[in-house]
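Visitor: Once you've had a glance at the structure underneath, I'll fire off some questions.
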Amino acid sequence: MMEIDYLDWNNALEVLTKAYQASLFALIIGPKGTGKTTLVRKFATGLNKELYSVNFSLRTRESHLVGSKTLEEGQVGFVEGILVKSMRNGGLLYLDELNAAEPDVLLRLDEALDDRRQIILKEAEGQIIKANHEWSVIATINPLSHVGTKELPPQLLSRFPIRLRLEYPPEEIELEIVRRHTSVDSSKITDIRHAIKLAKILREAAAIEELYYSPSLRESIAFAKLLNTGSNAKQAAEIVYANAYDQWGEVEYQKVMDMITSIFVE
């Protein structure tokens with residue numbers, strides 16, 4: 001498997017390992033862009049387990065999870081979905097953005113996640129699929145402030161007794177993450193620190209709904225990469241950060257530009 005670069009700054013891998021050892025399902029809670037998916041991929045490679053991923057949205061259907069009937073040359077067959085495949089093979093099932101799924105999808109998933117760890121395939125003549133004893137599940141959810149998210153039903157939430165909060169890292173850790181993703185010239189460190197400070201301010205403003213968008217770790221990395229092309233810091237900050245807010249109008253954009261002007265003094 002390809003090596004995944006993940007800086008485990010809050011011992012998240014240890015928590016996931018203990019959950020796996022105890023045969024407990026885990027839930028990772030945090031905003032977009034905090035490295036939830038990278039964490040799960042790193043965990044899977046560490047266990048040398050196959051990762052089965054589902055990214056939930058309003059368009060995710062039961063058939064994506066359990067499978068669907070097929071008709072070939074007059075013969076009715078059944079193609080297994082990702083949930084059933086992961087249960088059979090004892091893989092690691094990754095349910096990304098679970099609280100964006102539709103209620104009927106969650107209901108079907110709940111059937112597989114209870115203590116029996118089995119699912120009855122009504123689509124395949126009532127066949128019963130029992131999970132391999134090595135089967136494990138990790139889900140992620142975004143805060144309810146994110147578009148398209150809903151509260152998880154209490155019954156489903158109880159299926160994930162291991163809950164891990166993944167917030168944005170401290171500024172020094174974020175700088176180290178940027179260093180891992182791009183070469184950083186020592187002369188650019190101050191500008192990158194300023195960008196990380198700006199991102200932190202914007203995230204805090206979004207958390208209390210003063211602004212509509214919370215920049216992720218990806219923006220910090222993109223800012224550093226843009227500096228490496230010769231862009232000056234203020235211009236790079238406008239491109240990476242301020243311009244994202246223009247879709248909410250001039251007022252939002254100008255708020256962010258004012259912050260950039262005060263932080264990046266030329």
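In the structure tokens, chains take the letters A, B, ... in the order shown, each chain's residues start at 1, and ligands count up from 1 in the order shown.
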Using only C-alpha atoms, which residues sit within 10 Å of A:Lys225 once same-chain residues fewer than 5 positions away are excluded, as a PDB file with C-alpha atoms, in the first residue's frame?
Guide:
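Full text of around-v2.pdb as output:
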ATOM      1  CA  VAL A 178       2.344  22.601   5.359  1.00  0.00           C
ATOM      2  CA  HIS A 181       3.203  18.926   1.714  1.00  0.00           C
ATOM      3  CA  THR A 182       5.486  21.441   0.026  1.00  0.00           C
ATOM      4  CA  SER A 183       9.024  22.737   0.248  1.00  0.00           C
ATOM      5  CA  VAL A 184       9.120  25.873   2.383  1.00  0.00           C
ATOM      6  CA  GLU A 219      -5.839  26.471   1.830  1.00  0.00           C
ATOM      7  CA  SER A 220      -2.741  26.813   4.002  1.00  0.00           C
ATOM      8  CA  GLY A 230       6.838  33.801  -6.966  1.00  0.00           C
ATOM      9  CA  SER A 231       3.512  35.353  -5.921  1.00  0.00           C
ATOM     10  CA  ALA A 236      -1.567  34.913  -2.706  1.00  0.00           C
TER      11      ALA A 236
END
Visitor: Using DSSP on the backbone, list every residue of stretch 22-143 of chain A that comes out as strand (DSSP E), and give them as number ranges by chain.
Guide: A: 26-29, 51-55, 67-72, 75-80, 92-96, 118-121, 127-130, 136-141
Visitor: Report as a Markdown table: every residue of stretch 124-189 of chain A with an atom at most 12 Å from stretch 47-63 of chain A, its closest pair of atoms, and their distance in Å to one decimal, counting only C-alpha atoms, with rows sorted by chain and ascending residue number.
Guide:
| residue | atom | partner | partner_atom | distance |
| --- | --- | --- | --- | --- |
| A:Ala124 | CA | A:Ser63 | CA | 11.8 |
| A:Glu134 | CA | A:Lys49 | CA | 9.5 |
| A:Trp135 | CA | A:Lys49 | CA | 9.7 |
| A:Ser136 | CA | A:Lys49 | CA | 9.8 |
| A:Val137 | CA | A:Tyr52 | CA | 9.5 |
| A:Ile138 | CA | A:Ser53 | CA | 9.7 |
| A:Ala139 | CA | A:Val54 | CA | 9.5 |
| A:Thr140 | CA | A:Asn55 | CA | 9.7 |
| A:Ile141 | CA | A:Phe56 | CA | 10.0 |
| A:Asn142 | CA | A:Phe56 | CA | 11.4 |
| A:Val147 | CA | A:Ser57 | CA | 10.7 |
| A:Gly148 | CA | A:Ser57 | CA | 7.9 |
| A:Thr149 | CA | A:Ser57 | CA | 9.0 |
| A:Lys150 | CA | A:Ser57 | CA | 11.1 |
Visitor: Per residue of stretch 171-229 of chain A within 9 Å of stretch 21-44 of chain A, which atom pair is closest and at what distance in Å (one decimal), using only C-alpha atoms, listed by chain and increasing number, as a tab-separated table?
Guide:
residue	atom	partner	partner_atom	distance
A:Ser214	CA	A:Lys32	CA	8.4
A:Pro215	CA	A:Gly33	CA	7.7
A:Ser216	CA	A:Gly33	CA	4.4
A:Leu217	CA	A:Gly33	CA	5.6
A:Arg218	CA	A:Gly33	CA	6.6
A:Glu219	CA	A:Gly33	CA	8.9
Visitor: Selected residues, N, CA and C atoms, written as a PDB file, in the first residue's frame, please.
Guide:
ATOM      1  N   SER A 214     -15.271  28.497   6.258  1.00  0.00           N
ATOM      2  CA  SER A 214     -14.136  28.209   7.133  1.00  0.00           C
ATOM      3  C   SER A 214     -13.029  27.546   6.314  1.00  0.00           C
ATOM      4  N   PRO A 215     -11.909  28.221   6.102  1.00  0.00           N
ATOM      5  CA  PRO A 215     -10.850  27.632   5.274  1.00  0.00           C
ATOM      6  C   PRO A 215     -10.230  26.396   5.930  1.00  0.00           C
ATOM      7  N   SER A 216      -9.839  25.452   5.110  1.00  0.00           N
ATOM      8  CA  SER A 216      -9.297  24.186   5.599  1.00  0.00           C
ATOM      9  C   SER A 216      -7.775  24.206   5.582  1.00  0.00           C
ATOM     10  N   LEU A 217      -7.193  23.070   5.962  1.00  0.00           N
ATOM     11  CA  LEU A 217      -5.740  22.927   5.879  1.00  0.00           C
ATOM     12  C   LEU A 217      -5.273  23.002   4.425  1.00  0.00           C
ATOM     13  N   ARG A 218      -6.162  22.642   3.498  1.00  0.00           N
ATOM     14  CA  ARG A 218      -5.791  22.679   2.085  1.00  0.00           C
ATOM     15  C   ARG A 218      -5.425  24.098   1.654  1.00  0.00           C
ATOM     16  N   GLU A 219      -6.135  25.087   2.196  1.00  0.00           N
ATOM     17  CA  GLU A 219      -5.839  26.471   1.830  1.00  0.00           C
ATOM     18  C   GLU A 219      -4.448  26.904   2.302  1.00  0.00           C
TER      19      GLU A 219
END
Visitor: Between atom CA of A:His194 and atom CA of A:Trp248, what distance in Å does the model show, to one decimal?
Guide: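 Result for atom CA of A:His194 versus atom CA of A:Trp248: 24.1 Å, one decimal.
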Visitor: Using only C-alpha atoms, which of A:Ile177, A:Pro170, A:Glu80, A:Leu65 sits nearest A:Leu95?
Guide: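 With only C-alpha atoms as the atom set, the closest residue is A:Leu65.
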Visitor: For the alpha helix (DSSP H) assignment from backbone DSSP, which residues of stretch 83-203 of chain A qualify? Please present them as a count of residues only.
Guide: 48
Visitor: Could you please determine the separation between atom CA of A:Met87 and atom CA of A:Pro103 in Å, to one decimal place?
Guide: 21.4 Å
